[in-house]
Amino acid sequence: MLEPKLFQDLMAAVGAQGLLTEPEDLRPYECDGLSAYRQVPQAVVLPEDEAQVIAVLKVCRQAKVPVVPRGAGTGLSGGALPHAHGVVLSLTRLTRILNIDPQACTAVVQPGVRNLAISEAVAPYGLYYAPDPSSQIACTIGGNVAENSGGVHCLKYGLTVHNIRRVRGVLINGEIIEVGNEALDAPGYDLLAALNGSEGLLAVITEITVKLTPKPQLAQCVLAAFDDVVKAGTAVSNIIAAGIIPAGLEMMDQAATRAVEDFVHAGYPLDAASILLCESDGTPEEVAEEIERVTKVLEAAGASEIRVSRDEAERLKFWAGRKAAFPAVGRITPDYYCMDGTIPRHTLPEVLAGIEALSKEYGLRCANVFHAGDGNLHPLIMFDANIPGELERAESFGGRILELCVRMGGTITGEHGVGIEKINQMCVQFSREELEAFHALRDAFDPYELLNPGKAIPTLRRCAEFGAMHVHHHETRFPELPRF
Amino acid sequence: MQTNLADFIKDTPAGREAEAILRACMHCGFCLATCPTYQLLGDERDSPRGRIYLMKQVLEGQEVSARTQVHLDRCLTCRSCESTCPSGVRYGRLVDIGREVVDHQVGRSLRQTVFRAGLRKFLLSPRLFGLALGLGRLFRPLLPESLRRNVPPRHDPGAWPSARRTRRMLLLEGCVQPALTPSINAAAARVLDRAGISLEHVSEAGCCGAVSHHLGAQAEALARMRRNIDAWWPLLEAGAEGLVITASGCGAMVKDYGHLLAGDPGYAAKARRVADAARDIAEVVAQEWPRLRPLVQGGRLPVETLAFHAPCTLQHALKLKGGVETLLADLGVRLAPVADSHLCCGSAGTYAILQAELSQRLKANKLAALQAGKPQIILTANIGCLTHLQSGTDLPVRHWIELVDQALG
Amino acid sequence: MRQRQRPSPKALQKLLARLAPHFGERLVTGAAVCAQHGHGEGMREPMPPDAVVFPLSNEEVALAVRACYEEDVPVIAFGTGTSLEGHVQALHGGLCIDLMRLNRVLEVSAADLDCQVQAGVTREQLNREIRDQGLFFPIDPGADASLGGMAATRASGTNAVRYGTMRDNVLGLTVVTAEGRIIHTGGRARKSSAGYDLTRLFIGSEGTLGIITELRLKLYGMPEAISSAVCQFHDLAAAVNTVIMAMQLGIPVARIEILDERQMEACIRYSHLDEFQAAPTLFFEFHGSKKSVAEQAEQMQAVSDENGGSDYRWAVQPEERSRLWKARHNAYYASMAMAPGKEGFSTDACVPISRLAECLLETKIEAAATGLHHSIVGHVGDGNFHLLIAYDPALAQERALAEDLARAVALRAIRLGGTCTGEHGVGLHKLDFLRQEHGAALGLMRAIKVALDPRNLMNPGKTIPEALPGEIESLHE
C-alpha cells in the first residue's frame, strides 16, 4: 500500500491519468521481456514530459523510494523488473521526435520513441538509424541507450554508444545533465559513454540526439546453408579473417530456422543444420565485389547451398525471420530462456560444441541464434515453466553457458545488459577492484542508490555469497567478507 | 508464459483454448508496436500484451473489477497484433473468451446494460434503423453538425441486374448497409453480372451476428448465426458457388462461424461449410479479373489519384492484405501512399459509439494519413470504416467495388 | 576535490627510499631528466616533477603508484611527451612515471582483428610490427605518440572520419588505479554490455583517474588500394560544402583535410608543392578495393565538380602519397616558416559539420583583423580544424592578441554547438573552456574524480577544473 503522503505527492507530480496504485493495474507492469521474474511495484507513474519526470524523481528522492525506469518492457535481462518498495517510471508517453537535421545527420528524440520509428521518420532524407536490435519494431531508444543495445548491423555500424551524440537526462535529485556533443567529441570525462549501458542506474534519460547514417545505395543478403554447425562457425571466422566486415553476419541453427519459417515463410532451407545470413551494403560495385568474395569463402567452408537476395523485398524477408527468431521459438516451446554471451570469434566452433554437450547433460533443447560476426551468442534454452524444476534447470544451464563464455575470454552479456538476470555472473567476470570502481562511479551519480537498485552491478556481499555456491579450485572469493 | 488456470475454467473447452493461447505468448512486446490504442495511450494495460496479461490474471483466479473491463472494452479487436506476433498468438479468440469471463464476473452498470441493449435493438432492426436514417436524411440541414456528419446522403444505387446467369452466388446484405449505402451491393451485383455471375438476395438471412457477439450478447449472436446458416446452407448445397460479402467486418465474423458453433452438433458441420464458402468481394473479383479486365473501357475512370483504406478486418482477420490495391493499380489509377496503413481507423463496429474519444482520435490520424497524398477520393472495403471516415472529411468516401463498377461502364 | 600541495621533502624522501631498492638506476632525480619530463609540446614553461621512474611491467607501475598513494605524492604518467595542452606539467611536483619501457606488442590476432600492446608502444612501432600480416592501426594524430598516451587523450587524427577516434578503437584496458591496484576493463569480446563503460571512462581521462598500462586495440586489414587526391576551390565555402555533401552521400572517404589559401601558400613554399596554387584546398584519401576506391573517387569528383572544384591531382604511388601527406603534417612548421622569428600555437576546435562553413569564415575574418600571421588546416570530415597563430614573443601585446584570438575561436565553437577541443584534449590550458562547455555535468565529472581518486594524486590540476569559490563543488550537497 502506498503511503498517503507519497500518494499525494505523486498525484501532484503526474495527475490521476499518470498514476497507478491498485494491484490489478500494477500487475501488467510486474515484469519485462523476462517474464520468469515478476515483482509488483508500489506504484507506476506515466509522466507526459520531462517536467513531470523531474517532479517524480524529486518526490521519490525525498521519500527515499527506489525508482525503476521502464521503456517498452522488451528487455531480456529483467532490467525493468520493479522493486517491491519502489515506483516504476514509464517513459512510454514521451514519444515525440523533436528535430531532424539532415545536413548534420542527427535527430533529437524523446526516450519513448521506438527504434524503428526513428528510421521511418528519417527515411525521406535517405537516412536511417543504424543499431537494429531484433526487437526494434517495439523497443524504445531510451531503453537502447540504457542497455547499449546492438543488433544485426552493429558489426559494421557499431553499438548504441557509437551512434549517439548527446544525451539529456535527469539525476535522482532532479538535476538535469547534458552530456556529449553535437560535434565529434567532447572534452573531459566521457559521461556519454558512462550513460550508455548504465541500465537506468545513473540517470533517467529524457532526450537523445542520435547519429543518422546515410542509407546505402544497395544492400544484398547472402543466405548459406551448412550441414554442420561447426562448419558454419568456421565460415564466420574465415569471412572476418579475410578482412571482410559485412554489414551483418548472423547464424541460426535448424531448430530456430524451422520455428521462424512458420511465421515468415521466407523459404529458409529447413534441412540445414545451420544457416548463415551475410549482408553487404554500399555502392553496387562494392556490394558485387564483396558478395563475390564472401561466396568464395562460404563455398570453401563447405556450404551446401548459397542464395543471394534478388531484391529489397527478399532481403527484408531473409532478415524478418532472424529478427523474429526469439518469439517465433514460442511456436515450439511454451517458454524459452534467452542467453546473451559474447566470445572471441575464433572460439565460436568450440563454444557451440560446448553448448551442445550441455544441452544433452541437462536434457533441455537449445536453439541457437547469433550475431556470429561479433561472436555474440543467443542460445535459446527451451523449457516448460509449468513443469516443476524446469525453470531452475534452464537457468542453471544458462549460467554454465555464460561461464563457458568467460572462460573463453568473453563476456557474459554482449548487448542485453545484466539487469537482474546475470547479476551473479558479474561476480565471475569482474574482480573486486573492478566492482568497486563500478560502485564508485555509480555513487558519483546517485549516492542515495535509489535508481534501479539491485540491478546490473552486484554488491561485494552478493558476490561473496554467490562465490560460496561455486567454490572454484577450493578457493573462496573475497575471503575476508563474512558469510552467513 | 507460465500459466496456472483456476478451477472454474481450467477444464472447459474455452479454458483449454485460452490456456493454449496464453502459453504461446512469450511476453516479447512486439505487438505493442502495431496496437492503435497503445500508440495513443502509452500504457501497457492498453496494449495486446497487457490485455493478455490482464486476462491471464482473471483466468488464474485473481479478482477482477471494472478496472480490467475498461481496458478490454478499449480494445478495437482489430487484430493487428496477430499480424505482428511471431509466436502465432490468436489474440482475437482469447479476447472473446476473456471478455465473456470478465463481463460475467464484473457485470455492467444498469446504464451501460440499457444502452448496449438499446444499441443492439436499434442497429439490428432494419425498420427502426431505416426509419431513423430516413428521418435523418429528411431533416439533414437542421441537424447539429456532429449528427449531420454521421448521416451520409443517399446515393442512387442504380439498377439491380436481372438474375439471368447460370452461375450464382449468395449475397450477405448485412444490418445497416442496405439502408446506409444500397449502392455498394448494387454495384457488386452489376460487376459480378459482367463476370457471368448472378448475385442473389437471401431475405431470410439477416445480421451476421457481429453486433450481438461484440456487445456480449452471445445467445443472441448464436441465434442469428443459426438463422443465417439455415438460410444459406440449403442454397449452397443447391449449387450456389459461394457467399459474397461486401463488408469485411461481416466477412470476418462469418469466417468464424465454424469455430463459434463447433460445440453445437446440429450446426457444427454446416457452420464450417458456410464459413468456407464465405468470400470477400475482393477475392471473387480477383478470381474473375481475367474476364473483367478486358471489359474496362478506357477513359471511364472518374479519378486519377485515390487513397485506399484497408480495413483491419480485411488485413488482419481475413488476411487479404494488398489484394484490392493490386486490382486498383491494374485499372491504371494512382494509389497515394498511406503511412501506418496497418492501424485501425477507429470505427471497429460499435466502438465508434462506445469509445467515442479514442475513436475520434484514431479517425483524425487515419484521415491525415489518407489525405497526405492528396487523393481525389478515398476507397475502402467495409461499411463501418466508410461511414466513420466520411464523417470526418469532405472528400467522397466509397466502397472500391463502386469504382470498378464505374470502370466497367 | 582535495586541494593539492607540493609533497613535503620528508614525504618525498620516504617515497624515494621505498622505491630505490626496487628500481635502482631506473629511479632518477637529476635535474636534466626531470626537466625533460616536465613539458610536452606546445611551448610552455616546463614544470618538472621531483623524480622520474621507468617501470618495466604492470606490477612495477602498480608498485610505484601504491607507494605514492601511501606517501601522498602526486603521480604523472608520461609517454612520448608530444601532448599539446600542458598535460604532463607537474604543477605540484611529484613522481613522473615514464611508460616508454613498457614497449612490447604482446599479442596480435589476425583472425579476431585485435591486438594486445603495452602502453609505451608507439603507433608507428605497432604498424611496423603488424604490417607483414596485412594489418594496420589507423589512428594517426600526426606525432608518433604512444598508444597509452593516445588513449589517455582520446586522440583523433586525419582518418577519424572513417575509422573513428581512440574512443571507437580500444576494446579494453589494463589500468592501475589511484590506489595502485590493477584492473581490467572491457575485454576481448567485440562488444559487451556488462558493467559500466570503464574503458571509455579512462579513455580521455588524461591520467587523472588511473594509469593505462596495456591496451586491447581493434585492428583493420590494410586496404587493398589507397589513393590520394588534391582538389582546389575558389573559396572556402565551396570546399566545405563539398565535404558536407560527401558526408550526406555516405562516401566512405578515409581522410579529408582542408587547407585555407594561406596554409596552402605556406605548404607550397615549405614542401615544394609547386604544382598547386595558393587557394582553399581539400586533400582526400580513399581506402578499399581497387574498384571501390575508383568508385569513391568518382563520386567525390562529381560532388566537387558541383561546387566548382578544380580537376583532381592524383597520387597513387606510396612515395607520391607520402609527399602530399608529409606536406600536410608539416603544416605547422610550414606556416611558421612564413613568420620567421615568431612563436606560434594552434587552436583545436570542433563543430557540427553543418556549422563548419560559418565557423571557418567568421574565424578567418576575425583572424585577419588582428593582423597576425595565421592559417587554417583541419580534419574537415569531422568538423575539426586548427587555426595556427604566430606572434612575436618579444611583444607582450602581440602575445595577448594571439591568446584573445584563440579564446574567441574556442568560444565560437562552443556557441555553435561544438567543442573547444577536438583532439588535443583539455590538459591544463583548456580548463576554463570546460566550464563554458559543460555546466552542470562538470559537477558530475568532479564527483567521478573524487570517487576514483579521493586523494587527488593522479595528474592533479588537469582536465577537470577545480571549483571556483562560489561554484558548487559537486551535485549532491
# chains A, B, ... in the order shown; residues from 1 in each chain; ligands from 1
>>> interface_residues(of="chain B", to="chain A", cutoff="6 Å", atoms="only C-alpha atoms", output="PyMOL selection string")
chain B and resi 1-2+23-24+26-30+33+42+50+53+86-87
>>> write_last_selection(atoms="N, CA and C atoms", output="compact mmCIF listing (two decimals), in the first residue's frame")
# COMPACT_ATOMS: atom_id res chain seq x y z
N MET B 1 4.32 -18.20 -21.81
CA MET B 1 4.38 -17.80 -20.40
C MET B 1 3.91 -18.96 -19.53
N GLN B 2 4.32 -18.92 -18.31
CA GLN B 2 3.88 -19.93 -17.35
C GLN B 2 2.41 -19.66 -17.01
N ARG B 23 -0.08 -19.81 -23.40
CA ARG B 23 1.23 -20.45 -23.37
C ARG B 23 2.05 -20.07 -24.60
N ALA B 24 1.33 -19.72 -25.69
CA ALA B 24 2.07 -19.31 -26.89
C ALA B 24 2.68 -17.93 -26.71
N MET B 26 4.93 -15.08 -25.57
CA MET B 26 6.28 -15.01 -24.99
C MET B 26 6.52 -13.72 -24.23
N HIS B 27 5.47 -12.88 -24.18
CA HIS B 27 5.60 -11.60 -23.47
C HIS B 27 6.72 -10.76 -24.08
N CYS B 28 6.91 -10.88 -25.38
CA CYS B 28 8.04 -10.19 -26.02
C CYS B 28 7.76 -8.72 -26.28
N GLY B 29 6.48 -8.37 -26.46
CA GLY B 29 6.14 -6.96 -26.62
C GLY B 29 6.13 -6.44 -28.05
N PHE B 30 6.39 -7.30 -29.03
CA PHE B 30 6.36 -6.83 -30.43
C PHE B 30 5.00 -6.22 -30.75
N ALA B 33 3.98 -2.50 -30.83
CA ALA B 33 4.39 -1.60 -31.91
C ALA B 33 3.25 -1.28 -32.86
N GLY B 42 -0.05 4.91 -24.59
CA GLY B 42 1.26 4.65 -24.00
C GLY B 42 1.21 3.91 -22.67
N GLY B 50 -0.46 -6.34 -22.61
CA GLY B 50 -1.03 -6.01 -21.31
C GLY B 50 -2.41 -6.63 -21.14
N TYR B 53 -2.13 -10.16 -20.45
CA TYR B 53 -1.72 -10.35 -19.05
C TYR B 53 -2.90 -10.14 -18.12
N PRO B 86 5.12 -12.96 -33.67
CA PRO B 86 5.89 -14.06 -34.26
C PRO B 86 5.52 -15.42 -33.67
N SER B 87 4.89 -15.41 -32.48
CA SER B 87 4.60 -16.70 -31.85
C SER B 87 3.26 -17.25 -32.27
>>> residues_around(residues="Gly94 in chain C", least_positions_apart="6", cutoff="9 Å", atoms="only C-alpha atoms", output="number ranges by chain")
C: 6-7, 12, 48-52, 68, 73-76, 457
>>> interface_residues(of="chain C", to="chain A", cutoff="7 Å", atoms="only C-alpha atoms", output="VMD selection string")
chain C and resid 110 to 112 183 187 to 197 200 to 201 204 to 205 221 248 to 250 292 350 to 354 382 417 to 419 421 to 422 425 to 426 440 to 441 444 to 445 447 to 448 451 to 452 463 to 464
>>> residues_around(residues="Phe276 in chain C", least_positions_apart="6", cutoff="9 Å", atoms="only C-alpha atoms", output="PyMOL selection string")
chain C and resi 232+264-265+268
>>> write_last_selection(atoms="N, CA, C and O atoms", output="PDB file, in the first residue's frame")
ATOM      1  N   GLN C 232      41.294  21.833 -55.640  1.00  0.00           N
ATOM      2  CA  GLN C 232      41.335  23.220 -55.168  1.00  0.00           C
ATOM      3  C   GLN C 232      40.046  23.957 -55.534  1.00  0.00           C
ATOM      4  O   GLN C 232      39.360  23.601 -56.489  1.00  0.00           O
ATOM      5  N   MET C 264      47.941  26.871 -47.653  1.00  0.00           N
ATOM      6  CA  MET C 264      48.386  26.256 -48.900  1.00  0.00           C
ATOM      7  C   MET C 264      49.635  26.967 -49.414  1.00  0.00           C
ATOM      8  O   MET C 264      50.587  26.332 -49.863  1.00  0.00           O
ATOM      9  N   GLU C 265      49.621  28.273 -49.307  1.00  0.00           N
ATOM     10  CA  GLU C 265      50.788  29.028 -49.753  1.00  0.00           C
ATOM     11  C   GLU C 265      52.021  28.611 -48.955  1.00  0.00           C
ATOM     12  O   GLU C 265      53.088  28.377 -49.509  1.00  0.00           O
ATOM     13  N   ILE C 268      53.156  25.166 -50.050  1.00  0.00           N
ATOM     14  CA  ILE C 268      53.774  25.177 -51.375  1.00  0.00           C
ATOM     15  C   ILE C 268      55.234  25.569 -51.233  1.00  0.00           C
ATOM     16  O   ILE C 268      56.132  24.951 -51.812  1.00  0.00           O
TER      17      ILE C 268
END
>>> closest_residue(among="C:Ile130, C:Gly344, C:Arg355, C:Ile97", to="Leu372 in chain C", atoms="only C-alpha atoms")
C:Gly344
>>> select_by_dssp(residues="range 152-364 of chain C", states="strand (DSSP E or B)", output="PyMOL selection string")
chain C and resi 170-177+182-186+210-218+220-221+225-232+255-259+281-288+313-315+343-346+349-350
>>> atom_distance(atom1="CA of His259 in chain B", atom2="CA of Thr313 in chain B")
16.9 Å
>>> atom_distance(atom1="CA of Val28 in chain C", atom2="CA of Phe54 in chain C")
8.5 Å
>>> residues_around(residues="range 316-323 of chain C", least_positions_apart="6", cutoff="10 Å", atoms="only C-alpha atoms", output="ChimeraX atom specification")
/C:225-229,271-273,285,329
>>> closest_residue(among="C:His287, C:Asn456, C:Leu171, C:Leu56", to="Phe23 in chain C", atoms="only C-alpha atoms")
C:Leu56
>>> atom_distance(atom1="CA of Ala247 in chain B", atom2="CA of Gly266 in chain B")
27.7 Å
